[in-house]
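Peer 1: After the structure tokens below, expect a handful of questions from me.
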Amino acid sequence: GTLGALFLFQNGRRNWALVPFVIGLLSKEECIVTPVLIVGLDWMTQQWPSQFKDWLRKYGGFALVSVGYLILHTSLTGGAALDFFAGQESDTVFFTMMKVLTLDMKLMVWPWPLTPFYDWTIFPYAHHPFYWDVFVGMLALAIGFGTIVRALLKQEPPILGMGWFLFFLVSLLPYSHLIPFFDVAGERFLYLPSAAFCAGIPMVLGRYSQRSPLPLYAVCGVSILIFSSLTWVRGPAFQNTRTLLEATQEAFPHSFSAAYELGRAELKAQDFEKAEEQFKHAFDALPLDIAGI
């Protein structure tokens with residue numbers, strides 16, 4: 001929905017672009033960043049309006065749809081019921097999210113292993129900046145903000161590669177915990193950011209391989225082979241909930257969530273010995289949190 005809206009908007013069909021935008025919003029919340037991406041693309045291509053009335057005419061429809069969606073979404077869901085960072089200080093939230101940013105960038109290049117839920121045993125809090133992955137995330141964020149400031153001061157768009165990196169950062173905003181929710185990371189958070197990555201890399205390579213396109217074809221071809229192989233290998237692990245949990249436990253043996261949910265599945269299947277074994281794993285992973293359960 002987001003990519004369709006961007007495509008139609010960039011081709012001068014502003015009203016039609018609202019249709020895929022609405023479809024995207026009804027599919028997944030991260031589509032809410034579409035108006036920001038549209039303004040960002042206009043900035044990169046130096047096509048944004050100079051007067052306020054032109055801003056309203058060009059972007060007003062997207063603003064109205066966004067506000068209406070947020071009101072509807074809040075009324076239906078009632079806001080966040082659980083918070084991954086409940087009881088944590090704001091600096092812990094920031095440092096942990098910098099660690100998440102590094103994970104997201106790593107998954108773009110090498111999406112292995114994957115899990116639908118990074119719980120506290122898989123992804124513990126970062127209470128200070130003295131971790132390598134926190135430092136890398138902070139450096140990436142600083143580069144992103146620095147690019148925006150530099151471009152605004154020079155009144156020119158960012159260079160091509162950094163423009164797509166900003167697309168990547170903006171796409172992650174819905175999962176930045178500015179609004180609390182239960183998960184800290186997950187491969188499903190990367191649908192839209194991965195589109196920025198997959199579009200940006202060949203565009204940047206193509207710009208520097210105009211004389212000979214062979215390096216571009218080679219990089220894209222090898223990437224397709226590698227990613228297809230990964231999909232083929234891990235495909236069976238994503239057949240159903242049980243296989244997904246078993247794959248998570250294999251990749252992350254100390255995962256509380258995988259052990260606890262597998263224990264519940266064994267209880268449902270009335271295999272009490274296997275259920276007890278899984279619950280013991282869960283207890284070992286988080287003894288204080290699981291004791292009451």
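Letters A, B, ... mark the chains of the structure tokens in the order given; residue numbers begin at 1 per chain; ligand numbers begin at 1, in order shown.
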Please identify all polymer residues within 12 Å of Asp42 of chain A, counting only C-alpha atoms, omitting same-chain residues fewer than 3 positions from it, and present them as a list in words.
Peer 2: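 Those residues are Leu6, Phe9, Gln10, Asn11, Gly12, Pro35, Val36, Leu37, Ile38, Val39, Thr45, Gln46, Gln47, Trp48, Pro49, Ser50, Trp55, Lys58, Tyr59, Glu156, Pro157, Pro158 and Gly163 of chain A.
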Peer 1: Measuring between only C-alpha atoms, which one of A:Pro129, A:Gly221, A:Gly40, A:Gly68 shows the shortest distance to Phe165 of chain A?
Peer 2: A:Gly40
Peer 1: Any idea what the distance is between atom CA of Pro124 of chain A and atom CA of Thr96 of chain A?
Peer 2: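 Computing the Euclidean distance for atom CA of Pro124 of chain A and atom CA of Thr96 of chain A yields 8.1 Å.
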Peer 1: Which residue is closest to His177 of chain A? Choose from A:Ala86, A:Ala81, A:Val93, A:Leu25 and count only C-alpha atoms.
Peer 2: A:Val93
Peer 1: What is the atom CA of Gln278 of chain A-atom CA of Ala259 of chain A distance in Å, reported with one decimal?
Peer 2: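 So the two atoms, atom CA of Gln278 of chain A and atom CA of Ala259 of chain A, lie 5.1 Å apart.
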Peer 1: Near Asp104 of chain A, within 9 Å and counting only C-alpha atoms, which residues show up once chain neighbours fewer than 2 positions away are dropped, as a PyMOL selection string?
Peer 2: chain A and resi 99-102+106-108+185-187+189-190+193
